[in-house]
file data-v3.txt (compact mmCIF, C-alpha atoms and all ligand atoms)
# COMPACT_ATOMS: atom_id res chain seq x y z
CA MET A 491 42.87 -23.90 -54.13
CA LYS A 492 43.25 -25.72 -50.82
CA THR A 493 45.67 -24.32 -48.25
CA ALA A 494 48.03 -26.08 -45.87
CA LEU A 495 50.27 -25.09 -42.97
CA ILE A 496 53.15 -27.39 -42.07
CA THR A 497 55.29 -26.73 -39.01
CA GLY A 498 59.01 -27.50 -39.14
CA ALA A 499 58.88 -27.61 -42.94
CA ASN A 500 62.21 -25.98 -43.76
CA LYS A 501 63.86 -29.40 -44.06
CA SER A 502 63.53 -33.18 -43.91
CA ILE A 503 60.08 -34.79 -43.69
CA GLY A 504 58.16 -31.52 -43.33
CA PHE A 505 59.88 -30.04 -46.36
CA GLU A 506 59.14 -33.11 -48.43
CA ALA A 507 55.49 -33.01 -47.30
CA ALA A 508 55.36 -29.41 -48.53
CA ARG A 509 56.74 -30.50 -51.89
CA GLN A 510 54.19 -33.30 -52.23
CA LEU A 511 51.22 -31.11 -51.25
CA LEU A 512 52.38 -28.53 -53.79
CA GLN A 513 52.53 -31.27 -56.43
CA ASN A 514 48.93 -32.05 -55.49
CA GLY A 515 47.83 -28.47 -56.10
CA TYR A 516 47.76 -27.12 -52.55
CA TYR A 517 48.90 -23.64 -51.55
CA VAL A 518 51.48 -24.24 -48.81
CA TYR A 519 52.46 -22.02 -45.91
CA LEU A 520 55.86 -23.44 -45.09
CA GLY A 521 56.42 -23.11 -41.36
CA SER A 522 59.95 -22.52 -40.14
CA ARG A 523 61.18 -21.23 -36.81
CA ASP A 524 63.93 -19.41 -38.67
CA LEU A 525 62.48 -17.30 -41.45
CA GLN A 526 65.70 -17.31 -43.45
CA ARG A 527 65.81 -21.11 -43.48
CA GLY A 528 62.14 -21.09 -44.48
CA GLN A 529 62.85 -18.69 -47.33
CA GLN A 530 65.71 -20.90 -48.55
CA ALA A 531 63.37 -23.89 -48.58
CA VAL A 532 60.77 -21.91 -50.51
CA ASP A 533 63.43 -20.77 -52.99
CA GLN A 534 64.39 -24.41 -53.55
CA LEU A 535 60.78 -25.40 -54.24
CA GLN A 536 60.33 -22.47 -56.59
CA THR A 537 63.37 -23.51 -58.61
CA GLU A 538 61.51 -26.80 -59.11
CA GLY A 539 58.55 -24.89 -60.55
CA LEU A 540 56.47 -25.20 -57.37
CA SER A 541 55.45 -21.60 -56.88
CA GLN A 542 52.33 -21.70 -54.68
CA VAL A 543 54.33 -21.57 -51.46
CA GLU A 544 55.53 -18.97 -48.99
CA PRO A 545 57.42 -19.15 -45.70
CA ILE A 546 55.88 -18.33 -42.36
CA GLN A 547 57.88 -17.87 -39.19
CA ILE A 548 56.59 -20.14 -36.44
CA ASP A 549 58.38 -21.53 -33.42
CA VAL A 550 55.82 -23.87 -31.92
CA ALA A 551 57.44 -23.66 -28.49
CA ASP A 552 57.12 -19.87 -28.38
CA SER A 553 53.60 -18.61 -27.73
CA ALA A 554 54.36 -15.14 -29.11
CA SER A 555 55.64 -16.68 -32.34
CA VAL A 556 52.53 -18.87 -32.66
CA ALA A 557 50.26 -15.86 -32.09
CA ALA A 558 52.21 -13.79 -34.63
CA ALA A 559 52.01 -16.60 -37.19
CA ARG A 560 48.24 -16.81 -36.69
CA GLU A 561 47.97 -13.06 -37.18
CA THR A 562 50.09 -13.17 -40.33
CA LEU A 563 48.23 -16.12 -41.84
CA GLY A 564 44.88 -14.51 -41.06
CA GLN A 565 45.87 -11.57 -43.24
CA LYS A 566 46.61 -13.91 -46.13
CA THR A 567 43.74 -16.41 -46.00
CA LYS A 568 40.42 -16.89 -44.28
CA VAL A 569 40.51 -20.67 -44.72
CA LEU A 570 43.03 -23.32 -43.76
CA ASP A 571 42.30 -26.81 -45.09
CA VAL A 572 45.27 -28.74 -43.69
CA LEU A 573 47.41 -28.44 -40.58
CA ILE A 574 50.38 -30.78 -40.33
CA ASN A 575 51.89 -30.60 -36.86
CA ASN A 576 55.29 -31.90 -37.91
CA ALA A 577 57.85 -29.96 -35.85
CA GLY A 578 59.44 -32.27 -33.34
CA ILE A 579 62.62 -32.82 -31.37
CA LEU A 580 64.28 -35.88 -29.89
CA GLY A 581 65.98 -34.49 -26.78
CA ASP A 582 69.09 -36.13 -25.36
CA PRO A 583 70.31 -39.22 -27.23
CA SER A 584 70.02 -41.30 -24.07
CA GLN A 585 66.97 -40.78 -21.86
CA PRO A 586 67.08 -43.09 -18.82
CA PRO A 587 63.92 -42.65 -16.73
CA LEU A 588 65.85 -42.45 -13.46
CA THR A 589 68.51 -39.96 -14.47
CA SER A 590 67.18 -37.82 -17.32
CA SER A 591 66.89 -34.20 -16.32
CA VAL A 592 63.37 -32.92 -15.89
CA SER A 593 64.36 -29.78 -17.80
CA MET A 594 65.29 -31.88 -20.86
CA ILE A 595 61.99 -33.76 -20.64
CA LYS A 596 60.08 -30.48 -20.36
CA GLU A 597 61.91 -29.11 -23.39
CA VAL A 598 60.85 -32.10 -25.49
CA PHE A 599 57.25 -31.81 -24.31
CA GLU A 600 57.25 -28.06 -25.07
CA THR A 601 57.74 -28.76 -28.77
CA ASN A 602 56.23 -32.21 -29.29
CA VAL A 603 53.12 -31.82 -27.13
CA PHE A 604 52.39 -28.30 -25.91
CA GLY A 605 53.56 -26.86 -29.23
CA VAL A 606 51.06 -29.00 -31.11
CA ILE A 607 48.27 -28.00 -28.75
CA ALA A 608 49.15 -24.30 -29.01
CA VAL A 609 49.30 -24.37 -32.80
CA THR A 610 46.08 -26.36 -33.11
CA GLN A 611 44.21 -23.98 -30.82
CA ALA A 612 45.61 -20.94 -32.61
CA PHE A 613 44.58 -22.09 -36.09
CA ILE A 614 41.37 -23.97 -35.36
CA ASP A 615 39.15 -21.04 -36.38
CA LEU A 616 40.72 -20.95 -39.85
CA LEU A 617 40.41 -24.74 -40.12
CA ARG A 618 36.73 -24.57 -39.19
CA GLU A 619 36.20 -22.45 -42.31
CA SER A 620 37.27 -25.39 -44.50
CA PRO A 621 34.64 -27.80 -45.81
CA GLU A 622 37.10 -30.70 -45.32
CA PRO A 623 39.59 -29.78 -42.59
CA ARG A 624 42.42 -32.20 -41.86
CA ILE A 625 44.79 -32.25 -38.90
CA VAL A 626 47.82 -34.52 -39.09
CA ASN A 627 49.77 -34.93 -35.87
CA VAL A 628 53.17 -36.35 -36.68
CA THR A 629 53.81 -38.99 -34.07
CA SER A 630 56.24 -41.90 -33.89
CA GLY A 631 55.81 -45.65 -33.73
CA LEU A 632 57.71 -45.25 -30.47
CA GLY A 633 54.64 -43.52 -29.02
CA SER A 634 52.73 -46.79 -28.78
CA LEU A 635 52.23 -47.70 -25.10
CA THR A 636 50.75 -51.07 -26.05
CA LEU A 637 53.83 -52.08 -28.02
CA HIS A 638 56.20 -50.75 -25.36
CA ASN A 639 54.73 -53.44 -23.12
CA ASP A 640 55.22 -56.19 -25.71
CA PRO A 641 58.67 -57.82 -25.34
CA SER A 642 58.37 -59.32 -28.84
CA TRP A 643 58.14 -55.88 -30.47
CA LYS A 644 61.28 -55.05 -32.47
CA TYR A 645 61.61 -51.63 -30.79
CA TYR A 646 60.82 -52.94 -27.28
CA PRO A 647 64.25 -51.97 -25.87
CA VAL A 648 64.10 -48.50 -27.41
CA LYS A 649 62.89 -46.80 -24.28
CA GLY A 650 63.26 -43.19 -23.19
CA ALA A 651 61.87 -40.78 -20.63
CA ALA A 652 61.20 -37.83 -22.91
CA TYR A 653 60.63 -38.57 -26.61
CA GLN A 654 58.52 -41.73 -26.31
CA PRO A 655 56.25 -40.29 -23.58
CA SER A 656 55.93 -37.06 -25.57
CA LYS A 657 54.61 -38.94 -28.59
CA ALA A 658 52.32 -41.06 -26.37
CA ALA A 659 50.95 -37.79 -24.95
CA LEU A 660 50.56 -36.43 -28.47
CA ASN A 661 48.62 -39.56 -29.37
CA ALA A 662 46.36 -39.05 -26.37
CA TYR A 663 45.75 -35.44 -27.35
CA THR A 664 44.91 -36.59 -30.88
CA ILE A 665 42.19 -38.89 -29.55
CA MET A 666 40.76 -36.14 -27.32
CA LEU A 667 40.83 -33.60 -30.15
CA ALA A 668 39.21 -35.99 -32.61
CA TYR A 669 36.49 -36.64 -30.05
CA GLU A 670 35.82 -32.94 -29.59
CA LEU A 671 35.60 -32.55 -33.36
CA ARG A 672 33.40 -35.62 -33.88
CA ASP A 673 30.26 -34.99 -35.91
CA THR A 674 32.10 -32.35 -37.93
CA PRO A 675 33.89 -32.72 -41.29
CA PHE A 676 37.26 -32.78 -39.49
CA LYS A 677 39.64 -35.73 -39.80
CA VAL A 678 42.18 -35.76 -36.99
CA ASN A 679 44.84 -38.45 -37.05
CA ALA A 680 48.25 -39.32 -35.65
CA VAL A 681 50.68 -40.47 -38.33
CA ASP A 682 54.05 -42.15 -37.87
CA PRO A 683 56.29 -41.25 -40.81
CA GLY A 684 58.43 -44.31 -40.12
CA TYR A 685 62.09 -44.57 -39.16
CA THR A 686 63.54 -42.22 -41.76
CA ALA A 687 67.00 -40.94 -42.66
CA THR A 688 67.04 -37.29 -41.56
CA ASP A 689 69.09 -34.96 -39.37
CA PHE A 690 66.80 -36.10 -36.53
CA ASN A 691 68.67 -39.41 -36.23
CA HIS A 692 71.94 -38.52 -38.01
CA HIS A 693 70.50 -40.23 -41.08
CA SER A 694 70.43 -43.65 -39.45
CA GLY A 695 66.86 -44.47 -40.45
CA PRO A 696 66.27 -46.90 -43.32
CA GLY A 697 63.28 -45.01 -44.78
CA THR A 698 63.28 -42.16 -47.29
CA VAL A 699 61.80 -38.71 -46.70
CA SER A 700 59.71 -39.28 -49.80
CA ASP A 701 57.96 -42.33 -48.33
CA ALA A 702 57.68 -40.67 -44.91
CA ALA A 703 56.09 -37.53 -46.31
CA ALA A 704 53.71 -39.57 -48.46
CA ARG A 705 52.26 -41.06 -45.25
CA LEU A 706 51.55 -37.58 -43.89
CA VAL A 707 50.14 -36.33 -47.17
CA LYS A 708 47.82 -39.33 -47.44
CA ALA A 709 46.26 -38.38 -44.09
CA ALA A 710 46.17 -34.71 -45.11
CA MET A 711 44.21 -35.59 -48.26
CA LEU A 712 41.68 -38.03 -46.77
CA GLY A 713 38.29 -37.89 -48.38
CA PRO A 714 35.02 -37.34 -46.52
CA ASP A 715 34.64 -41.06 -45.83
CA GLY A 716 38.19 -41.39 -44.49
CA PRO A 717 39.02 -42.38 -40.92
CA THR A 718 39.50 -40.07 -37.97
CA SER A 719 41.08 -40.69 -34.56
CA GLN A 720 43.53 -43.29 -35.88
CA PHE A 721 47.21 -44.00 -35.25
CA PHE A 722 48.66 -44.77 -38.67
CA SER A 723 51.98 -46.59 -38.66
CA ASP A 724 53.18 -48.83 -41.45
CA ASP A 725 56.23 -49.68 -39.33
CA ASN A 726 54.20 -50.90 -36.35
CA ALA A 727 51.49 -52.57 -38.43
CA PRO A 728 52.77 -53.49 -41.90
CA GLU A 729 49.56 -55.34 -42.76
CA THR A 730 46.85 -52.94 -41.61
CA GLY A 731 48.78 -49.68 -41.31
CA ILE A 732 46.94 -49.05 -38.04
CA SER A 733 49.03 -49.20 -34.88
CA PRO A 734 47.76 -50.01 -31.41
CA TRP A 735 47.84 -46.89 -29.25
N1 LIG B 1 63.08 -39.22 -38.75
C1 LIG B 1 62.47 -40.23 -38.15
O1 LIG B 1 62.96 -41.39 -38.18
C2 LIG B 1 61.15 -40.03 -37.46
C3 LIG B 1 60.48 -41.18 -37.00
C4 LIG B 1 59.27 -41.02 -36.36
C5 LIG B 1 58.75 -39.74 -36.18
N2 LIG B 1 59.43 -38.66 -36.62
C6 LIG B 1 58.83 -37.34 -36.41
O2 LIG B 1 58.74 -36.67 -37.65
C7 LIG B 1 58.80 -35.24 -37.44
C8 LIG B 1 59.84 -34.65 -38.37
O3 LIG B 1 61.07 -35.29 -38.10
P1 LIG B 1 62.36 -35.13 -39.03
O4 LIG B 1 63.00 -36.45 -39.09
O5 LIG B 1 61.99 -34.44 -40.30
O6 LIG B 1 63.24 -34.18 -38.08
P2 LIG B 1 64.37 -33.07 -38.40
O7 LIG B 1 65.15 -33.44 -39.59
O8 LIG B 1 65.10 -32.88 -37.11
O9 LIG B 1 63.50 -31.77 -38.72
C9 LIG B 1 62.69 -31.25 -37.68
C10 LIG B 1 62.04 -29.97 -38.13
O10 LIG B 1 61.30 -29.46 -37.00
C11 LIG B 1 61.75 -28.13 -36.78
N3 LIG B 1 61.56 -27.75 -35.37
C12 LIG B 1 62.14 -28.28 -34.26
N4 LIG B 1 61.72 -27.62 -33.18
C13 LIG B 1 60.86 -26.66 -33.60
C14 LIG B 1 60.09 -25.67 -32.97
N5 LIG B 1 60.12 -25.46 -31.63
N6 LIG B 1 59.29 -24.88 -33.72
C15 LIG B 1 59.24 -25.04 -35.06
N7 LIG B 1 59.96 -25.93 -35.73
C16 LIG B 1 60.76 -26.74 -35.00
C17 LIG B 1 63.18 -28.09 -37.25
O11 LIG B 1 63.59 -26.76 -37.47
P3 LIG B 1 65.16 -26.34 -37.49
O12 LIG B 1 65.69 -26.67 -38.86
O13 LIG B 1 65.09 -24.89 -37.21
O14 LIG B 1 65.85 -27.14 -36.42
C18 LIG B 1 63.04 -28.89 -38.53
O15 LIG B 1 62.47 -28.09 -39.54
C19 LIG B 1 59.09 -35.05 -35.95
O16 LIG B 1 57.88 -34.76 -35.28
C20 LIG B 1 59.62 -36.41 -35.52
O17 LIG B 1 59.38 -36.67 -34.16
C21 LIG B 1 60.62 -38.76 -37.25
call {"tool": "encode", "arguments": {"input": "data-v3.txt", "output": "structure tokens", "more": "lines below"}}
Ligand SMILES: NC(=O)c1ccc[n+]([C@@H]2O[C@H](COP(=O)([O-])OP(=O)(O)OC[C@H]3O[C@@H](n4cnc5c(N)ncnc54)[C@H](OP(=O)(O)O)[C@@H]3O)[C@@H](O)[C@H]2O)c1
result
Amino acid sequence: MKTALITGANKSIGFEAARQLLQNGYYVYLGSRDLQRGQQAVDQLQTEGLSQVEPIQIDVADSASVAAARETLGQKTKVLDVLINNAGILGDPSQPPLTSSVSMIKEVFETNVFGVIAVTQAFIDLLRESPEPRIVNVTSGLGSLTLHNDPSWKYYPVKGAAYQPSKAALNAYTIMLAYELRDTPFKVNAVDPGYTATDFNHHSGPGTVSDAAARLVKAAMLGPDGPTSQFFSDDNAPETGISPW
């Protein structure tokens, strides 16, 4: 049975990704920074008959928590097939480049960028044991630098000094990581779940968590001939599904 770790999976898109991987026969380690919330999410899945799941405490912005999660997971499995770096935060609702506090910007980067790097580095040895390891970095369409310079883009005015740059940095890290893991069975991709109704945006997004999670799960289940080092975004590129960086 293949194994997966999803960060920030106690609710919303991460939770739905856990449900869909379970439906596809994976064993899921459901990451949650609050173990009680993680256990509640697991209980919910188990009432649906999805039993191959357990919670794991992991706050991606806390190095001790990441190290403890690695230690715990290493006692349970020697192989990790899928890592979905899903945990993410928005920061302040308004993020003007000239007046946003540097501390707020750092906070967003701690989770969205450095958290992903820390988790990836901590779990890479378990992923290397998989014959088909997959890393899915959950980005945003708003991380596209190319489109942010295109005045005809529908999200052109949606600028911000923290969230958008954090996802652009995450995209850059994805490219660098995929390059380091070239010539291996790894597939490393950045995936935009699309503008989705969750707590993240006070449920303003038009998309469903089901569709959003399906985009992540598709990248998590890529076959050996699947792409690596891509920025998947159906919102940014409805025809090809591949966004400019
Ligand atoms: N929703 C959208 O429209 C949209 C669009 C594009 C991209 N995304 C991306 O999709 C991902 C999931 O978003 P969502 O809409 O599902 O957001 P959400 O409803 O706010 O859920 C975020 C999840 O991440 C967790 N989290 C936050 N900081 C964490 C940390 N330091 N360590 C571990 N877990 C942490 C949260 O835990 P708590 O419950 O403890 O807070 C929660 O489980 C994010 O990376 C987001 O940037 C979302």
call {"tool": "closest_residue", "arguments": {"input": "data-v3.txt", "among": "A:Ala558, A:Val598, A:Ala499, A:Ala680", "to": "ligand LIG 1 (chain B)", "atoms": "all atoms listed in the file"}}
result
A:Ala499
call {"tool": "closest_atom_pairs", "arguments": {"input": "data-v3.txt", "of": "chain A", "to": "ligand LIG 1 (chain B)", "cutoff": "7 Å", "atoms": "all atoms listed in the file", "output": "Markdown table"}}
result
| residue | atom | partner | partner_atom | distance |
| --- | --- | --- | --- | --- |
| A:Thr497 | CA | B:LIG1 | N7 | 5.8 |
| A:Gly498 | CA | B:LIG1 | O15 | 3.5 |
| A:Ala499 | CA | B:LIG1 | O15 | 5.0 |
| A:Asn500 | CA | B:LIG1 | O15 | 4.7 |
| A:Lys501 | CA | B:LIG1 | O15 | 4.9 |
| A:Ser502 | CA | B:LIG1 | O5 | 4.1 |
| A:Ile503 | CA | B:LIG1 | O5 | 3.9 |
| A:Gly504 | CA | B:LIG1 | O5 | 5.7 |
| A:Ser522 | CA | B:LIG1 | N7 | 5.6 |
| A:Arg523 | CA | B:LIG1 | C15 | 4.6 |
| A:Asp524 | CA | B:LIG1 | O13 | 5.8 |
| A:Ile548 | CA | B:LIG1 | C15 | 5.7 |
| A:Asp549 | CA | B:LIG1 | N6 | 3.5 |
| A:Val550 | CA | B:LIG1 | N6 | 4.0 |
| A:Ala551 | CA | B:LIG1 | N5 | 4.5 |
| A:Asn576 | CA | B:LIG1 | O16 | 4.7 |
| A:Ala577 | CA | B:LIG1 | O10 | 3.7 |
| A:Gly578 | CA | B:LIG1 | O16 | 3.5 |
| A:Ile579 | CA | B:LIG1 | C12 | 5.4 |
| A:Leu580 | CA | B:LIG1 | O17 | 6.5 |
| A:Thr601 | CA | B:LIG1 | N5 | 5.0 |
| A:Asn602 | CA | B:LIG1 | O16 | 6.7 |
| A:Val628 | CA | B:LIG1 | O16 | 5.2 |
| A:Thr629 | CA | B:LIG1 | C5 | 5.4 |
| A:Ser630 | CA | B:LIG1 | C4 | 4.0 |
| A:Gly631 | CA | B:LIG1 | C4 | 6.4 |
| A:Asp682 | CA | B:LIG1 | C5 | 5.5 |
| A:Pro683 | CA | B:LIG1 | C4 | 5.4 |
| A:Gly684 | CA | B:LIG1 | C3 | 4.9 |
| A:Tyr685 | CA | B:LIG1 | O1 | 3.4 |
| A:Thr686 | CA | B:LIG1 | O1 | 3.7 |
| A:Ala687 | CA | B:LIG1 | N1 | 5.8 |
| A:Thr688 | CA | B:LIG1 | O7 | 4.7 |
| A:Asp689 | CA | B:LIG1 | O7 | 4.2 |
| A:Phe690 | CA | B:LIG1 | O8 | 3.7 |
| A:Asn691 | CA | B:LIG1 | N1 | 6.1 |
| A:Gly695 | CA | B:LIG1 | O1 | 5.5 |
call {"tool": "atom_distance", "arguments": {"input": "data-v3.txt", "atom1": "CA of Ser590 (chain A)", "atom2": "CA of Pro696 (chain A)"}}
result
27.6 Å
call {"tool": "closest_residue", "arguments": {"input": "data-v3.txt", "among": "A:Ala658, A:Ala704, A:Ile614, A:Ala531", "to": "Ala507 (chain A)", "atoms": "all atoms listed in the file"}}
result
A:Ala704
call {"tool": "closest_residue", "arguments": {"input": "data-v3.txt", "among": "A:Val569, A:Val699, A:Leu540, A:Ala727", "to": "Leu511 (chain A)", "atoms": "only C-alpha atoms"}}
result
A:Leu540
call {"tool": "closest_residue", "arguments": {"input": "data-v3.txt", "among": "A:Leu660, A:Ala651, A:Pro583, A:Thr610", "to": "His692 (chain A)", "atoms": "only C-alpha atoms"}}
result
A:Pro583
call {"tool": "closest_residue", "arguments": {"input": "data-v3.txt", "among": "A:Gln585, A:Gln529, A:Thr730, A:Asn575", "to": "Leu495 (chain A)", "atoms": "all atoms listed in the file"}}
result
A:Asn575
call {"tool": "atom_distance", "arguments": {"input": "data-v3.txt", "atom1": "CA of Glu544 (chain A)", "atom2": "CA of Val556 (chain A)"}}
result
16.6 Å
call {"tool": "decode", "arguments": {"input": "data-v3.txt", "residues": "region 590-691 of chain A", "atoms": "C-alpha atoms", "output": "PDB file, in the first residue's frame"}}
result
ATOM      1  CA  SER A 590       3.045  45.917   4.784  1.00  0.00           C
ATOM      2  CA  SER A 591       5.000  45.010   7.878  1.00  0.00           C
ATOM      3  CA  VAL A 592       8.103  42.962   7.293  1.00  0.00           C
ATOM      4  CA  SER A 593       7.110  40.758  10.231  1.00  0.00           C
ATOM      5  CA  MET A 594       3.834  39.835   8.496  1.00  0.00           C
ATOM      6  CA  ILE A 595       5.695  39.047   5.275  1.00  0.00           C
ATOM      7  CA  LYS A 596       8.197  36.896   7.188  1.00  0.00           C
ATOM      8  CA  GLU A 597       5.356  35.033   8.880  1.00  0.00           C
ATOM      9  CA  VAL A 598       3.813  34.148   5.517  1.00  0.00           C
ATOM     10  CA  PHE A 599       7.167  33.015   4.135  1.00  0.00           C
ATOM     11  CA  GLU A 600       7.801  30.909   7.260  1.00  0.00           C
ATOM     12  CA  THR A 601       4.828  28.699   6.429  1.00  0.00           C
ATOM     13  CA  ASN A 602       4.498  28.944   2.652  1.00  0.00           C
ATOM     14  CA  VAL A 603       8.184  28.758   1.721  1.00  0.00           C
ATOM     15  CA  PHE A 604      10.546  27.828   4.543  1.00  0.00           C
ATOM     16  CA  GLY A 605       7.997  25.381   5.934  1.00  0.00           C
ATOM     17  CA  VAL A 606       7.855  23.549   2.616  1.00  0.00           C
ATOM     18  CA  ILE A 607      11.637  23.441   2.397  1.00  0.00           C
ATOM     19  CA  ALA A 608      11.974  22.177   5.977  1.00  0.00           C
ATOM     20  CA  VAL A 609       9.363  19.454   5.509  1.00  0.00           C
ATOM     21  CA  THR A 610      10.791  18.364   2.163  1.00  0.00           C
ATOM     22  CA  GLN A 611      14.304  18.107   3.578  1.00  0.00           C
ATOM     23  CA  ALA A 612      13.084  16.246   6.656  1.00  0.00           C
ATOM     24  CA  PHE A 613      11.168  13.592   4.711  1.00  0.00           C
ATOM     25  CA  ILE A 614      13.312  13.229   1.602  1.00  0.00           C
ATOM     26  CA  ASP A 615      15.060  10.098   2.886  1.00  0.00           C
ATOM     27  CA  LEU A 616      11.726   8.298   3.301  1.00  0.00           C
ATOM     28  CA  LEU A 617      10.625   9.503  -0.144  1.00  0.00           C
ATOM     29  CA  ARG A 618      13.837   8.198  -1.698  1.00  0.00           C
ATOM     30  CA  GLU A 619      12.799   4.714  -0.551  1.00  0.00           C
ATOM     31  CA  SER A 620       9.736   4.859  -2.819  1.00  0.00           C
ATOM     32  CA  PRO A 621       9.981   3.503  -6.364  1.00  0.00           C
ATOM     33  CA  GLU A 622       7.723   6.352  -7.572  1.00  0.00           C
ATOM     34  CA  PRO A 623       8.060   9.311  -5.198  1.00  0.00           C
ATOM     35  CA  ARG A 624       5.840  12.335  -5.785  1.00  0.00           C
ATOM     36  CA  ILE A 625       6.124  15.806  -4.273  1.00  0.00           C
ATOM     37  CA  VAL A 626       3.211  18.190  -4.752  1.00  0.00           C
ATOM     38  CA  ASN A 627       3.847  21.780  -3.725  1.00  0.00           C
ATOM     39  CA  VAL A 628       0.532  23.541  -3.365  1.00  0.00           C
ATOM     40  CA  THR A 629       0.993  26.910  -4.986  1.00  0.00           C
ATOM     41  CA  SER A 630      -1.444  29.517  -6.265  1.00  0.00           C
ATOM     42  CA  GLY A 631      -2.178  30.963  -9.677  1.00  0.00           C
ATOM     43  CA  LEU A 632      -1.236  34.223  -7.974  1.00  0.00           C
ATOM     44  CA  GLY A 633       2.360  32.979  -7.820  1.00  0.00           C
ATOM     45  CA  SER A 634       2.862  33.509 -11.553  1.00  0.00           C
ATOM     46  CA  LEU A 635       5.337  36.361 -12.107  1.00  0.00           C
ATOM     47  CA  THR A 636       4.728  36.267 -15.854  1.00  0.00           C
ATOM     48  CA  LEU A 637       0.992  36.830 -15.451  1.00  0.00           C
ATOM     49  CA  HIS A 638       1.497  39.506 -12.791  1.00  0.00           C
ATOM     50  CA  ASN A 639       3.175  41.516 -15.549  1.00  0.00           C
ATOM     51  CA  ASP A 640       0.304  40.982 -18.002  1.00  0.00           C
ATOM     52  CA  PRO A 641      -2.337  43.741 -17.648  1.00  0.00           C
ATOM     53  CA  SER A 642      -4.872  41.590 -19.531  1.00  0.00           C
ATOM     54  CA  TRP A 643      -4.747  38.837 -16.900  1.00  0.00           C
ATOM     55  CA  LYS A 644      -7.977  38.646 -14.883  1.00  0.00           C
ATOM     56  CA  TYR A 645      -6.071  38.661 -11.574  1.00  0.00           C
ATOM     57  CA  TYR A 646      -3.626  41.408 -12.638  1.00  0.00           C
ATOM     58  CA  PRO A 647      -4.792  43.848  -9.925  1.00  0.00           C
ATOM     59  CA  VAL A 648      -4.650  41.189  -7.214  1.00  0.00           C
ATOM     60  CA  LYS A 649      -1.238  42.187  -5.950  1.00  0.00           C
ATOM     61  CA  GLY A 650       0.304  41.705  -2.526  1.00  0.00           C
ATOM     62  CA  ALA A 651       3.668  41.890  -0.816  1.00  0.00           C
ATOM     63  CA  ALA A 652       3.529  38.617   1.095  1.00  0.00           C
ATOM     64  CA  TYR A 653       1.278  35.866  -0.292  1.00  0.00           C
ATOM     65  CA  GLN A 654       1.988  36.294  -4.015  1.00  0.00           C
ATOM     66  CA  PRO A 655       5.779  36.543  -3.556  1.00  0.00           C
ATOM     67  CA  SER A 656       5.675  33.551  -1.190  1.00  0.00           C
ATOM     68  CA  LYS A 657       4.045  31.391  -3.846  1.00  0.00           C
ATOM     69  CA  ALA A 658       6.445  32.722  -6.512  1.00  0.00           C
ATOM     70  CA  ALA A 659       9.318  31.714  -4.207  1.00  0.00           C
ATOM     71  CA  LEU A 660       7.693  28.324  -3.674  1.00  0.00           C
ATOM     72  CA  ASN A 661       7.496  27.931  -7.446  1.00  0.00           C
ATOM     73  CA  ALA A 662      11.184  28.775  -7.740  1.00  0.00           C
ATOM     74  CA  TYR A 663      12.053  26.233  -5.064  1.00  0.00           C
ATOM     75  CA  THR A 664       9.979  23.633  -6.920  1.00  0.00           C
ATOM     76  CA  ILE A 665      12.046  24.150 -10.072  1.00  0.00           C
ATOM     77  CA  MET A 666      15.328  23.929  -8.131  1.00  0.00           C
ATOM     78  CA  LEU A 667      14.183  20.807  -6.277  1.00  0.00           C
ATOM     79  CA  ALA A 668      12.976  19.111  -9.447  1.00  0.00           C
ATOM     80  CA  TYR A 669      16.343  19.857 -11.023  1.00  0.00           C
ATOM     81  CA  GLU A 670      18.226  18.327  -8.114  1.00  0.00           C
ATOM     82  CA  LEU A 671      16.031  15.240  -8.375  1.00  0.00           C
ATOM     83  CA  ARG A 672      16.292  14.971 -12.169  1.00  0.00           C
ATOM     84  CA  ASP A 673      17.328  11.553 -13.445  1.00  0.00           C
ATOM     85  CA  THR A 674      15.525   9.920 -10.515  1.00  0.00           C
ATOM     86  CA  PRO A 675      11.972   8.504 -10.379  1.00  0.00           C
ATOM     87  CA  PHE A 676      10.795  11.640  -8.530  1.00  0.00           C
ATOM     88  CA  LYS A 677       8.051  13.870  -9.937  1.00  0.00           C
ATOM     89  CA  VAL A 678       8.120  17.310  -8.343  1.00  0.00           C
ATOM     90  CA  ASN A 679       5.430  19.768  -9.344  1.00  0.00           C
ATOM     91  CA  ALA A 680       3.715  22.957  -8.225  1.00  0.00           C
ATOM     92  CA  VAL A 681      -0.070  22.704  -8.356  1.00  0.00           C
ATOM     93  CA  ASP A 682      -2.608  25.505  -8.071  1.00  0.00           C
ATOM     94  CA  PRO A 683      -5.816  24.117  -6.568  1.00  0.00           C
ATOM     95  CA  GLY A 684      -7.772  27.025  -8.050  1.00  0.00           C
ATOM     96  CA  TYR A 685      -9.756  29.754  -6.340  1.00  0.00           C
ATOM     97  CA  THR A 686     -11.755  27.608  -3.933  1.00  0.00           C
ATOM     98  CA  ALA A 687     -14.356  28.224  -1.242  1.00  0.00           C
ATOM     99  CA  THR A 688     -12.559  27.561   2.058  1.00  0.00           C
ATOM    100  CA  ASP A 689     -11.848  29.306   5.359  1.00  0.00           C
ATOM    101  CA  PHE A 690      -8.746  30.690   3.616  1.00  0.00           C
ATOM    102  CA  ASN A 691     -10.843  33.263   1.736  1.00  0.00           C
TER     103      ASN A 691
END
